[in-house]
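J.: Structure: protein.cif, mmCIF, C-alpha atoms.
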data_upload
#
loop_
_atom_site.label_atom_id
_atom_site.label_comp_id
_atom_site.auth_asym_id
_atom_site.auth_seq_id
_atom_site.Cartn_x
_atom_site.Cartn_y
_atom_site.Cartn_z
CA MET N 1 0.00 0.00 0.00
CA PRO N 2 1.21 3.51 -0.74
CA ARG N 3 2.44 5.68 2.09
CA HIS N 4 0.62 8.96 2.68
CA VAL N 5 1.44 11.93 4.89
CA LEU N 6 -1.81 13.69 5.70
CA THR N 7 -1.05 14.07 9.42
CA LEU N 8 1.82 13.24 11.73
CA ASN N 9 -0.09 10.12 12.70
CA ASP N 10 0.76 8.70 9.26
CA LEU N 11 4.41 8.84 10.28
CA GLY N 12 4.18 7.81 13.91
CA GLU N 13 6.74 8.56 16.59
CA GLU N 14 9.73 6.65 15.22
CA ASP N 15 9.51 7.96 11.67
CA SER N 16 8.68 11.50 12.79
CA TRP N 17 11.92 11.59 14.78
CA LEU N 18 13.79 9.89 11.95
CA LEU N 19 12.64 12.39 9.32
CA VAL N 20 13.53 15.36 11.51
CA GLN N 21 17.03 14.04 12.15
CA GLN N 22 17.54 13.07 8.51
CA ALA N 23 16.38 16.51 7.39
CA ARG N 24 18.82 18.18 9.76
CA GLY N 25 21.57 15.94 8.42
CA ILE N 26 21.30 17.15 4.82
CA PRO N 27 24.58 19.10 4.38
CA ASP N 28 23.04 21.68 2.05
CA ALA N 29 19.28 22.26 2.04
CA LYS N 30 19.43 23.22 -1.66
CA SER N 31 21.52 20.21 -2.72
CA ARG N 32 20.48 18.57 -5.99
CA THR N 33 19.93 14.86 -6.49
CA ASP N 34 18.34 12.59 -9.09
CA PHE N 35 15.97 10.78 -6.71
CA MET N 36 12.84 12.16 -8.39
CA THR N 37 14.12 11.77 -11.97
CA GLU N 38 11.33 10.34 -14.16
CA ARG N 39 8.85 11.00 -11.36
CA THR N 40 6.10 13.61 -11.64
CA ALA N 41 4.25 15.30 -8.79
CA VAL N 42 0.92 17.08 -9.19
CA LEU N 43 0.14 20.03 -6.93
CA LEU N 44 -3.57 20.51 -6.30
CA PHE N 45 -3.97 23.84 -4.49
CA ALA N 46 -7.52 24.73 -3.46
CA GLN N 47 -6.18 28.05 -2.15
CA ASP N 48 -3.39 30.27 -3.40
CA SER N 49 -0.15 30.10 -1.41
CA PHE N 50 3.03 31.35 -2.98
CA ALA N 51 5.12 30.19 -0.01
CA GLU N 52 3.84 26.59 -0.09
CA ARG N 53 4.04 26.30 -3.86
CA LEU N 54 7.58 27.69 -3.84
CA CYS N 55 8.79 25.27 -1.17
CA VAL N 56 7.21 22.13 -2.62
CA SER N 57 8.22 22.98 -6.17
CA ALA N 58 11.81 23.63 -5.11
CA ALA N 59 11.99 20.29 -3.27
CA VAL N 60 10.70 18.28 -6.25
CA ARG N 61 12.76 20.14 -8.85
CA GLN N 62 16.00 20.03 -6.86
CA MET N 63 15.55 16.25 -6.69
CA GLY N 64 15.20 16.01 -10.48
CA GLY N 65 11.42 15.61 -10.62
CA SER N 66 8.73 17.21 -12.76
CA LEU N 67 5.70 19.19 -11.65
CA VAL N 68 2.13 19.74 -12.74
CA PHE N 69 0.41 22.61 -10.92
CA GLN N 70 -3.32 23.24 -10.63
CA GLY N 71 -4.40 26.27 -8.64
CA ALA N 72 -7.70 27.26 -7.13
CA THR N 73 -9.41 28.08 -10.44
CA GLY N 74 -11.50 25.57 -12.31
CA GLY N 75 -13.81 22.84 -11.08
CA TRP N 76 -11.25 20.19 -10.22
CA LYS N 77 -12.04 20.20 -6.49
CA SER N 78 -15.72 19.45 -7.08
CA GLU N 79 -14.80 16.75 -9.60
CA VAL N 80 -12.42 15.05 -7.17
CA GLU N 81 -14.97 15.23 -4.34
CA ARG N 82 -17.90 14.01 -6.44
CA TYR N 83 -16.10 11.43 -8.53
CA GLN N 84 -13.28 10.47 -6.19
CA ARG N 85 -12.82 6.91 -7.41
CA GLN N 86 -12.72 7.89 -11.08
CA MET N 87 -10.63 11.04 -10.72
CA LEU N 88 -8.01 9.43 -8.49
CA ALA N 89 -7.63 6.66 -11.06
CA VAL N 90 -7.12 9.28 -13.78
CA ILE N 91 -4.55 11.18 -11.70
CA ASP N 92 -2.74 7.93 -10.95
CA TYR N 93 -2.41 7.28 -14.68
CA PHE N 94 -0.38 10.45 -15.23
CA VAL N 95 1.62 11.17 -12.06
CA ASP N 96 3.57 9.45 -9.30
CA CYS N 97 2.53 11.47 -6.24
CA MET N 98 0.23 14.29 -5.25
CA TYR N 99 0.56 17.33 -3.00
CA VAL N 100 -2.65 18.90 -1.78
CA TYR N 101 -3.16 22.28 -0.14
CA GLY N 102 -6.05 24.16 1.42
CA ILE N 103 -8.66 21.37 1.46
CA PRO N 104 -10.78 21.33 4.64
CA GLY N 105 -11.45 17.88 6.04
CA LEU N 106 -8.74 16.34 3.86
CA VAL N 107 -7.75 13.89 6.60
CA THR N 108 -11.15 12.23 6.60
CA SER N 109 -12.32 12.90 3.02
CA VAL N 110 -9.74 10.81 1.16
CA ASP N 111 -10.59 7.13 0.78
CA ARG N 112 -7.11 5.71 1.12
CA ASP N 113 -8.13 2.36 -0.33
CA LEU N 114 -8.72 4.12 -3.66
CA VAL N 115 -5.34 5.84 -3.81
CA GLN N 116 -2.47 3.95 -5.41
CA PHE N 117 0.06 6.78 -5.21
CA PRO N 118 1.44 8.81 -2.26
CA ILE N 119 -0.42 11.91 -1.08
CA ILE N 120 1.39 14.57 0.94
CA ASN N 121 -0.55 17.26 2.75
CA ALA N 122 1.16 20.58 2.01
CA GLY N 123 -1.23 22.30 4.42
CA SER N 124 -4.90 22.12 5.31
CA PRO N 125 -7.07 23.82 7.94
CA ASP N 126 -6.75 20.76 10.18
CA ALA N 127 -3.13 19.66 9.66
CA HIS N 128 0.26 20.87 8.48
CA PRO N 129 2.70 18.05 9.26
CA ALA N 130 5.68 19.26 7.20
CA HIS N 131 5.66 22.68 8.84
CA VAL N 132 5.71 21.25 12.33
CA LEU N 133 8.48 18.75 11.61
CA ALA N 134 10.56 21.60 10.21
CA ASP N 135 9.85 23.75 13.25
CA VAL N 136 10.78 20.92 15.61
CA ALA N 137 14.14 20.87 13.80
CA CYS N 138 14.43 24.60 14.58
CA MET N 139 13.71 23.97 18.25
CA LEU N 140 16.26 21.18 18.45
CA ARG N 141 18.94 23.53 17.15
CA TYR N 142 18.32 26.09 19.89
CA THR N 143 17.80 23.62 22.75
CA ARG N 144 20.95 21.63 21.99
CA ASP N 145 18.86 18.62 21.00
CA ASP N 146 16.85 18.57 24.22
CA LEU N 147 13.21 19.31 23.43
CA LYS N 148 12.29 19.05 27.10
CA LYS N 149 13.80 22.54 27.32
CA ALA N 150 11.41 23.88 24.66
CA ARG N 151 8.51 25.88 26.04
CA VAL N 152 6.31 26.96 23.14
CA GLY N 153 3.72 29.72 23.12
CA TRP N 154 1.09 30.18 20.39
CA LEU N 155 -0.97 33.32 19.97
CA GLY N 156 -3.44 33.66 17.17
CA CYS N 157 -6.27 31.91 15.38
CA THR N 158 -6.54 28.20 14.71
CA ASN N 159 -4.97 26.69 11.60
CA GLY N 160 -3.40 23.45 10.44
CA THR N 161 -0.04 24.26 12.01
CA LEU N 162 -1.61 24.55 15.45
CA PHE N 163 -3.47 21.26 15.06
CA SER N 164 -0.23 19.54 14.05
CA LEU N 165 1.66 21.18 16.93
CA ILE N 166 -0.84 19.64 19.32
CA GLU N 167 -0.52 16.27 17.57
CA ALA N 168 3.28 16.55 17.72
CA LEU N 169 3.13 16.51 21.52
CA ARG N 170 2.47 12.78 21.20
CA TYR N 171 5.99 12.30 19.89
CA PHE N 172 8.09 15.30 20.90
CA PRO N 173 8.49 16.37 24.57
CA PHE N 174 8.09 20.16 24.29
CA SER N 175 5.41 22.02 26.23
CA LEU N 176 2.71 24.16 24.61
CA GLN N 177 0.56 27.04 25.82
CA VAL N 178 -2.06 28.58 23.55
CA ALA N 179 -4.02 31.84 23.53
CA LEU N 180 -6.85 32.13 21.01
CA PRO N 181 -8.56 35.41 20.09
CA PRO N 182 -12.20 35.98 21.03
CA LEU N 183 -14.75 34.01 18.99
CA GLU N 184 -12.24 31.27 18.17
CA ASP N 185 -13.45 27.72 18.76
CA ARG N 186 -11.45 26.82 21.87
CA PRO N 187 -13.60 23.79 22.84
CA THR N 188 -12.74 22.06 19.55
CA LEU N 189 -9.02 22.45 20.20
CA GLU N 190 -9.39 21.32 23.79
CA ALA N 191 -11.27 18.25 22.57
CA TYR N 192 -8.56 17.57 19.99
CA ALA N 193 -5.86 17.72 22.67
CA ARG N 194 -7.83 15.21 24.74
CA HIS N 195 -8.23 13.02 21.65
CA CYS N 196 -4.45 13.09 21.15
CA GLY N 197 -3.91 12.33 24.82
CA VAL N 198 -1.64 15.35 25.34
CA LYS N 199 -1.51 18.29 27.72
CA VAL N 200 -1.96 21.80 26.30
CA ASP N 201 -2.23 24.86 28.51
CA PHE N 202 -5.00 27.07 27.11
CA VAL N 203 -4.77 30.65 28.39
CA ASP N 204 -6.67 33.85 27.77
CA THR N 205 -4.18 36.54 26.73
CA PRO N 206 -1.13 36.87 24.47
CA GLN N 207 0.96 37.76 27.53
CA GLN N 208 -0.04 34.51 29.22
CA ALA N 209 0.67 32.57 26.03
CA VAL N 210 4.30 33.71 25.85
CA GLU N 211 4.99 33.71 29.61
CA GLY N 212 8.39 32.08 30.14
CA CYS N 213 8.50 30.69 26.60
CA ASN N 214 11.69 30.32 24.60
CA PHE N 215 9.73 29.83 21.35
CA VAL N 216 6.87 32.15 20.40
CA TYR N 217 4.56 31.46 17.46
CA ALA N 218 2.83 34.29 15.63
CA GLY N 219 -0.23 32.34 14.56
CA CYS N 220 -2.96 33.16 12.08
CA ARG N 221 -4.74 36.53 12.36
CA SER N 222 -7.71 35.83 10.10
CA GLY N 223 -10.24 36.35 12.91
CA LEU N 224 -8.84 39.66 14.17
CA ASP N 225 -10.07 43.14 13.33
CA ASP N 226 -7.55 45.98 13.08
CA GLU N 227 -7.91 47.06 16.70
CA LEU N 228 -7.53 43.56 18.09
CA ALA N 229 -4.63 42.83 15.74
CA GLN N 230 -2.62 45.62 17.37
CA GLN N 231 -3.34 44.20 20.82
CA TRP N 232 -2.00 40.81 19.73
CA LYS N 233 1.07 42.12 17.92
CA VAL N 234 4.42 40.48 18.70
CA ASP N 235 6.57 43.37 19.86
CA ASP N 236 9.13 44.10 22.56
CA ALA N 237 6.42 44.67 25.15
CA LEU N 238 4.93 41.24 24.53
CA LEU N 239 8.29 39.47 24.39
CA SER N 240 9.22 40.98 27.75
CA HIS N 241 6.97 38.26 29.20
CA ALA N 242 8.90 35.52 27.37
CA ASP N 243 12.33 34.09 27.99
CA GLN N 244 15.12 36.61 27.46
CA LYS N 245 16.41 34.64 24.46
CA ALA N 246 13.02 33.76 23.01
CA ARG N 247 12.87 32.93 19.30
CA VAL N 248 9.93 33.91 17.11
CA LEU N 249 8.38 31.56 14.56
CA LEU N 250 5.58 32.21 12.08
CA GLY N 251 2.69 29.79 12.18
CA THR N 252 1.59 30.76 8.66
CA SER N 253 2.71 33.05 5.83
CA PRO N 254 3.83 36.56 6.88
CA MET N 255 0.78 38.26 5.35
CA GLN N 256 -1.61 35.95 7.22
CA ALA N 257 0.26 35.83 10.52
CA ILE N 258 -0.14 37.87 13.69
CA GLU N 259 1.97 40.95 13.02
CA VAL N 260 5.57 40.79 14.20
CA ALA N 261 7.35 44.10 14.72
CA SER N 262 9.70 44.75 11.80
CA ASP N 263 12.77 45.14 14.01
CA ILE N 264 12.08 41.75 15.61
CA LEU N 265 11.42 40.06 12.26
CA ALA N 266 14.78 41.37 11.02
CA SER N 267 16.67 40.37 14.17
CA PRO N 268 18.38 37.10 15.14
CA ALA N 269 15.31 36.36 17.28
CA SER N 270 13.30 35.64 14.11
CA LEU N 271 13.55 32.07 12.81
CA LEU N 272 11.69 32.77 9.55
CA LEU N 273 14.64 31.93 7.28
CA LEU N 274 15.57 28.84 9.30
CA GLN N 275 11.94 27.71 9.11
CA SER N 276 12.07 28.03 5.32
CA GLU N 277 15.34 26.13 5.10
CA ASN N 278 14.09 23.31 7.30
CA ARG N 279 10.83 23.02 5.38
CA LEU N 280 12.78 22.42 2.20
CA ARG N 281 14.82 19.77 4.00
CA VAL N 282 11.72 18.08 5.42
CA HIS N 283 9.88 17.97 2.08
CA LYS N 284 12.87 16.26 0.51
CA ARG N 285 12.95 13.65 3.25
CA LEU N 286 9.18 13.14 2.96
CA LEU N 287 9.59 12.29 -0.71
CA HIS N 288 12.21 9.70 0.17
CA TRP N 289 9.93 8.27 2.85
CA VAL N 290 6.85 7.84 0.67
CA PHE N 291 8.66 6.42 -2.35
CA LEU N 292 11.19 4.14 -0.69
CA GLU N 293 8.39 2.31 1.09
CA ASN N 294 6.56 1.82 -2.20
CA GLU N 295 9.70 0.45 -3.81
CA ARG N 296 10.11 -2.08 -0.98
CA VAL N 297 6.51 -3.21 -1.41
CA ILE N 298 7.00 -3.74 -5.11
#
Could you quickly redo this structure as structure tokens?
T.:
Amino acid sequence: MPRHVLTLNDLGEEDSWLLVQQARGIPDAKSRTDFMTERTAVLLFAQDSFAERLCVSAAVRQMGGSLVFQGATGGWKSEVERYQRQMLAVIDYFVDCMYVYGIPGLVTSVDRDLVQFPIINAGSPDAHPAHVLADVACMLRYTRDDLKKARVGWLGCTNGTLFSLIEALRYFPFSLQVALPPLEDRPTLEAYARHCGVKVDFVDTPQQAVEGCNFVYAGCRSGLDDELAQQWKVDDALLSHADQKARVLLGTSPMQAIEVASDILASPASLLLLQSENRLRVHKRLLHWVFLENERVI
């Protein structure tokens, strides 16, 4: 059976750790190989995301593969949902793997028994496994490989990265405290944490979210109006509640994230570039993981 990576659960604890360590071990994130030569990946993006398309495309191309991209326009999403069996068979005829982005309910909507090629989730509202594996690699670098020293604070709206962060607590021993803006669905996240069997500290304010943290996530700001967005901004005043050497990560693209003060984003405290580098590394290792298993089965 093909291997898929829709959530971290598809990897499990052993392979999640393995992929993170293998990704960190790549000498040059932009190294070129021939692993994907004669393989073609299709990118089905239900929403536009320059950052995700750039990262996935770079990973496939730097490994010698070919790409077919389909953006949000057209009726492909309805066709795949309505005629899943037929459309997946058609896609399988032309390509070797598929990246999907921006599809709500992806984890439960795909009938895995119908899919004969690997599917990798490049980001959905309920999961973003590659992002979190890459960010764990960032944390390992600044905790000297001891994730028990990583205290992570999230402030902002819910997205796939936050869901995968919660899921990652099953496998990685960092701690997590979360502040959601008003009107966000906190009970759903609390229920998800219970489902995963992990402890998440849900708090009420951005200051409480970053209290004592050495890693601070600027999460999604989609549910914030202009006035509230300023109250949740990551600036020196907010970071005064965090660890003195706190590092700032983005939980989504810069334009969609809680605003980070420009001087902080340009400082060594910002891990934006390291996040990008590690995401490229992780996507390359994910491609190895899904295809090597298929080759062993054959």
J.: So which one's closest to Leu265 of chain N, N:Val234, N:Leu287, N:Leu162, N:Met87? Using only C-alpha atoms, please.
T.: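 The answer is N:Val234, which sits nearest to Leu265 of chain N.
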J.: Can you work out the spacing between atom CA of Leu11 of chain N and atom CA of Phe94 of chain N in Å, to one decimal?
T.: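 Computing the Euclidean distance for atom CA of Leu11 of chain N and atom CA of Phe94 of chain N yields 26.0 Å.
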J.: When you draw a straight line from atom CA of Gln86 of chain N to atom CA of Ser109 of chain N, how long is it in Å?
T.: 15.0 Å
J.: Of the candidates N:Val210, N:Leu88, N:Cys97, N:Gln62, which shows the shortest atom-to-atom distance to Asp28 of chain N, using only C-alpha atoms?
T.: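 Among N:Val210, N:Leu88, N:Cys97, N:Gln62, it is N:Gln62 that comes nearest to Asp28 of chain N.
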J.: Have a look at atom CA of Arg194 of chain N and atom CA of Asp10 of chain N and let me know their distance in Å, one decimal.
T.: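 According to the coordinates, atom CA of Arg194 of chain N and atom CA of Asp10 of chain N are separated by 18.9 Å.
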J.: If you count only C-alpha atoms, which residues fall within 10 Å of Ser222 of chain N, apart from same-chain ones fewer than 4 positions away, as a ChimeraX atom specification?
T.: /N:156-159,229,256-258
J.: Do you know which residues the PyMOL selection byres ((chain N and resi 138) around 8) returns on this file, as a ChimeraX atom specification?
T.: /N:134-137,139-142,271,274-275,278
J.: Give as a list in words every residue, naming chains and numbers as the document does, that has an atom within 6 Å of (19.1, 14.6, -2.2), counting all atoms listed in the file.
T.: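 Checked against the point, the hits come out as Arg32, Thr33 and Met63 of chain N.
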J.: Quick one: residues within 7 Å of segment 15-25 of chain N, only C-alpha atoms, excluding same-chain residues fewer than 5 positions away - as a compact mmCIF listing (two decimals) with C-alpha atoms, in the frame of the given file?
T.:
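That gives us result_26.txt:
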# COMPACT_ATOMS: atom_id res chain seq x y z
CA LEU N 133 8.48 18.75 11.61
CA ALA N 137 14.14 20.87 13.80
CA ARG N 281 14.82 19.77 4.00
CA VAL N 282 11.72 18.08 5.42
CA ARG N 285 12.95 13.65 3.25
J.: Kindly indicate which residue among N:Asp235, N:Glu52, N:Glu81, N:Glu211 lies nearest to Asn121 of chain N, using all atoms listed in the file for the distances.
T.: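 Closest candidate: N:Glu52.
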J.: I need the residue nearest Lys233 of chain N from this list: N:Ala209, N:Ala41, N:Met1, N:Val260. Use only C-alpha atoms for the distance.
T.: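 Smallest separation from Lys233 of chain N among the options: N:Val260.
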J.: Taking the file as shown, what set of residues would the PyMOL selection byres ((chain N and resi 125) around 10) give back, as a list in words?
T.: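 Output of the PyMOL selection byres ((chain N and resi 125) around 10): Tyr101, Gly102, Ile103, Pro104, Gly105, Leu106, Gly123, Ser124, Asp126, Ala127, His128, Thr158, Asn159, Gly160, Thr161, Leu162 and Phe163 of chain N.
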J.: Given the file above and the PyMOL selection byres ((chain N and resi 190) around 12), which residues are selected, and can you give them as a VMD selection string?
T.: chain N and resid 158 162 to 163 166 to 167 177 to 180 184 to 189 191 to 203
J.: Residues at most 10 Å from Pro118 of chain N, counting only C-alpha atoms, excluding those fewer than 4 positions away in the same chain, as a PyMOL selection string?
T.: chain N and resi 1-6+41+92+96-99+112+287+289-291+294
J.: Identify which of the residues N:Val248, N:Leu54, N:Leu155, N:Ala150 lies closest to Asp263 of chain N, counting only C-alpha atoms when measuring atom-to-atom distances.
T.: N:Val248
